[in-house]
Amino acid sequence: MHALGNDFLVIGSVTQEIELRTDWIREAGDRHRGIGFDQLLQIKALQEECADFELVIYNNDGSSAQQCGNGTLCVARFVSEENLSANPTVTFKTLGGIVKATVLGADSDGNELARAELGIPTTDPDCVPFVAKSPQLEYVIDLNLDASRTISLIPVGMGNPHAVVLMKETCEFDFETVSNAIQAHDRFPESANVEFVELVDRNLIRLRVFERGVGETMACGTGACAAVTAARLAGHVEDRVAVQQVGGTVSVDWAGPGYPISLIASTARVFDGEIKLD
């Protein structure tokens, strides 16, 4: 499945327990020798009242991920099409918290839309997590990448860590090198997904995302939400923002601090199949 080119291998293991090895995930995630995906999403039965299902998320390098916005949209559609729940709105327990998703139906172009509510964004350094050198008085942090380069960014927690760079123009510098330097910085103890945001107007931003364990992706749901959070806290956008990414445009709604954030985007089910796990 994919949402705006952010692609996933979805494994429904609600009726049986399936254990996935890290080396198998890497092999399946290889776009030349396996299936290929940005993340693998495993839907499990949950014997708890806090959510309908457990959603376990892996990057294509086999590492674990706490949260995945576009993936939540896709698994909501999967649950609906596989008749795994009679409820139009489904909740998932992830390492990043409880998320909620609803399949909305087809838009005017025939694309299947879904909405995901991804909890309350945070800039609390302990929750991002981000190592603050002093009490956080401002959202924007100047991060020294090396002896000659400093970059201003806003750390945002979306159940997973993000580093958001706000710009007035398109990204002209070495995107991958700077992203790797931010991800490897010791002030992001769990690394970070890095977003470079071009501020177009108060209802539109453009976004490039460099994800942990994946690299640059065509789209990222939590990245879009983190970008809107940072831009709104800095006073640049309104509470509803269109976020243009390489794979397409999502709509993000956020009323401000203390409120949950949500996104709407189209989803696609590309193919179904079987694969050996051994």
# chains A, B, ... in the order shown; residues from 1 in each chain; ligands from 1
$ residues_around --residues "Ala230 in chain A" --least-positions-apart "2" --cutoff "8 Å" --atoms "only C-alpha atoms" --output "PyMOL selection string"
chain A and resi 154+156+164+166+226-228+232-234
$ select_by_dssp --residues "range 6-88 of chain A" --states "strand (DSSP E)" --output "VMD selection string"
chain A and resid 6 to 13 39 to 45 53 to 59 64 to 65
$ closest_atom_pairs --of "range 200-273 of chain A" --to "range 58-62 of chain A" --cutoff "9 Å" --atoms "only C-alpha atoms" --output "CSV"
residue,atom,partner,partner_atom,distance
A:Arg212,CA,A:Asn59,CA,7.9
A:Gly213,CA,A:Asn59,CA,5.7
A:Val214,CA,A:Asn60,CA,6.3
$ write_last_selection --atoms "N, CA, C and O atoms" --output "tab-separated table (two decimals), in the first residue's frame"
chain	number	residue	atom	x	y	z
A	212	ARG	N	14.34	8.69	9.62
A	212	ARG	CA	15.24	7.77	10.30
A	212	ARG	C	15.11	6.38	9.70
A	212	ARG	O	14.01	5.89	9.49
A	213	GLY	N	16.23	5.73	9.45
A	213	GLY	CA	16.21	4.35	9.00
A	213	GLY	C	15.71	4.15	7.60
A	213	GLY	O	15.57	3.01	7.14
A	214	VAL	N	15.43	5.24	6.86
A	214	VAL	CA	14.87	5.11	5.51
A	214	VAL	C	15.59	6.02	4.52
A	214	VAL	O	16.00	5.60	3.45
$ residues_around --residues "Ser63 in chain A" --least-positions-apart "3" --cutoff "12 Å" --atoms "only C-alpha atoms" --output "PyMOL selection string"
chain A and resi 20-26+29+38-40+56-60+66+190+211-214
$ closest_residue --among "A:Arg149, A:His162, A:Arg208, A:Arg240" --to "Ser191 in chain A" --atoms "only C-alpha atoms"
A:His162
$ closest_residue --among "A:Ile98, A:Met158, A:Ala242, A:Val140" --to "Cys127 in chain A" --atoms "only C-alpha atoms"
A:Met158
$ closest_residue --among "A:Asn144, A:Thr89, A:Thr15, A:Gln244" --to "Leu46 in chain A" --atoms "only C-alpha atoms"
A:Thr15
$ select_by_dssp --residues "range 74-173 of chain A" --states "alpha helix (DSSP H)" --output "list in words"
Cys74, Val75, Ala76, Arg77, Phe78, Val79, Ser80 and Glu81 of chain A
$ write_last_selection --atoms "all heavy atoms" --output "CSV table (one decimal), in the first residue's frame"
chain,number,residue,atom,x,y,z
A,74,CYS,N,-3.2,4.0,5.8
A,74,CYS,CA,-3.3,2.8,5.0
A,74,CYS,C,-3.8,1.6,5.8
A,74,CYS,O,-4.7,0.8,5.3
A,74,CYS,CB,-1.9,2.4,4.5
A,74,CYS,SG,-1.3,3.5,3.1
A,75,VAL,N,-3.4,1.4,7.0
A,75,VAL,CA,-3.9,0.3,7.8
A,75,VAL,C,-5.4,0.4,8.1
A,75,VAL,O,-6.1,-0.6,8.3
A,75,VAL,CB,-3.1,0.0,9.0
A,75,VAL,CG1,-1.7,-0.5,8.7
A,75,VAL,CG2,-3.0,1.1,10.0
A,76,ALA,N,-5.8,1.7,8.3
A,76,ALA,CA,-7.3,1.9,8.5
A,76,ALA,C,-8.1,1.4,7.3
A,76,ALA,O,-9.1,0.7,7.4
A,76,ALA,CB,-7.6,3.4,8.7
A,77,ARG,N,-7.6,1.7,6.1
A,77,ARG,CA,-8.2,1.2,4.9
A,77,ARG,C,-8.1,-0.4,4.8
A,77,ARG,O,-9.1,-1.0,4.5
A,77,ARG,CB,-7.6,1.8,3.6
A,77,ARG,CG,-8.1,1.2,2.3
A,77,ARG,CD,-7.6,1.9,1.1
A,77,ARG,NE,-8.0,1.3,-0.1
A,77,ARG,CZ,-7.7,1.7,-1.3
A,77,ARG,NH1,-7.0,2.8,-1.5
A,77,ARG,NH2,-8.2,1.1,-2.4
A,78,PHE,N,-7.0,-0.9,5.2
A,78,PHE,CA,-6.8,-2.4,5.2
A,78,PHE,C,-7.8,-3.0,6.1
A,78,PHE,O,-8.5,-4.0,5.8
A,78,PHE,CB,-5.4,-2.7,5.6
A,78,PHE,CG,-5.1,-4.2,5.6
A,78,PHE,CD1,-4.6,-4.8,4.4
A,78,PHE,CD2,-5.2,-5.0,6.7
A,78,PHE,CE1,-4.3,-6.2,4.4
A,78,PHE,CE2,-4.9,-6.3,6.7
A,78,PHE,CZ,-4.5,-6.9,5.6
A,79,VAL,N,-7.9,-2.5,7.3
A,79,VAL,CA,-8.9,-3.1,8.3
A,79,VAL,C,-10.3,-3.0,7.8
A,79,VAL,O,-11.0,-4.0,7.9
A,79,VAL,CB,-8.8,-2.3,9.7
A,79,VAL,CG1,-9.9,-2.6,10.6
A,79,VAL,CG2,-7.5,-2.7,10.4
A,80,SER,N,-10.6,-1.9,7.1
A,80,SER,CA,-12.0,-1.8,6.6
A,80,SER,C,-12.2,-2.8,5.4
A,80,SER,O,-13.3,-3.5,5.4
A,80,SER,CB,-12.2,-0.4,6.1
A,80,SER,OG,-13.4,-0.2,5.4
A,81,GLU,N,-11.3,-2.9,4.5
A,81,GLU,CA,-11.5,-3.8,3.3
A,81,GLU,C,-11.4,-5.2,3.7
A,81,GLU,O,-12.0,-6.1,3.0
A,81,GLU,CB,-10.4,-3.4,2.3
A,81,GLU,CG,-10.7,-2.0,1.7
A,81,GLU,CD,-9.6,-1.7,0.6
A,81,GLU,OE1,-8.6,-2.3,0.5
A,81,GLU,OE2,-9.9,-0.7,-0.1
$ atom_distance --atom1 "CA of Ala51 in chain A" --atom2 "CA of Thr102 in chain A"
13.8 Å
$ closest_residue --among "A:Gly235, A:Gly223, A:Pro129, A:Gly36" --to "Arg187 in chain A" --atoms "only C-alpha atoms"
A:Pro129
$ closest_residue --among "A:Val90, A:Ala3, A:Pro125, A:Asp30" --to "Ile43 in chain A" --atoms "only C-alpha atoms"
A:Val90
$ residues_around --residues "Glu19 in chain A" --least-positions-apart "5" --cutoff "10 Å" --atoms "only C-alpha atoms" --output "ChimeraX atom specification"
/A:13,42,277
$ write_last_selection --atoms "C-alpha atoms" --output "compact mmCIF listing (two decimals), in the first residue's frame"
# COMPACT_ATOMS: atom_id res chain seq x y z
CA SER A 13 -1.53 -11.05 11.68
CA GLN A 42 2.19 -5.36 11.20
CA LEU A 277 9.01 -15.75 6.36
$ closest_residue --among "A:Lys93, A:Lys276, A:Arg31, A:Arg115" --to "Ala45 in chain A" --atoms "only C-alpha atoms"
A:Lys93
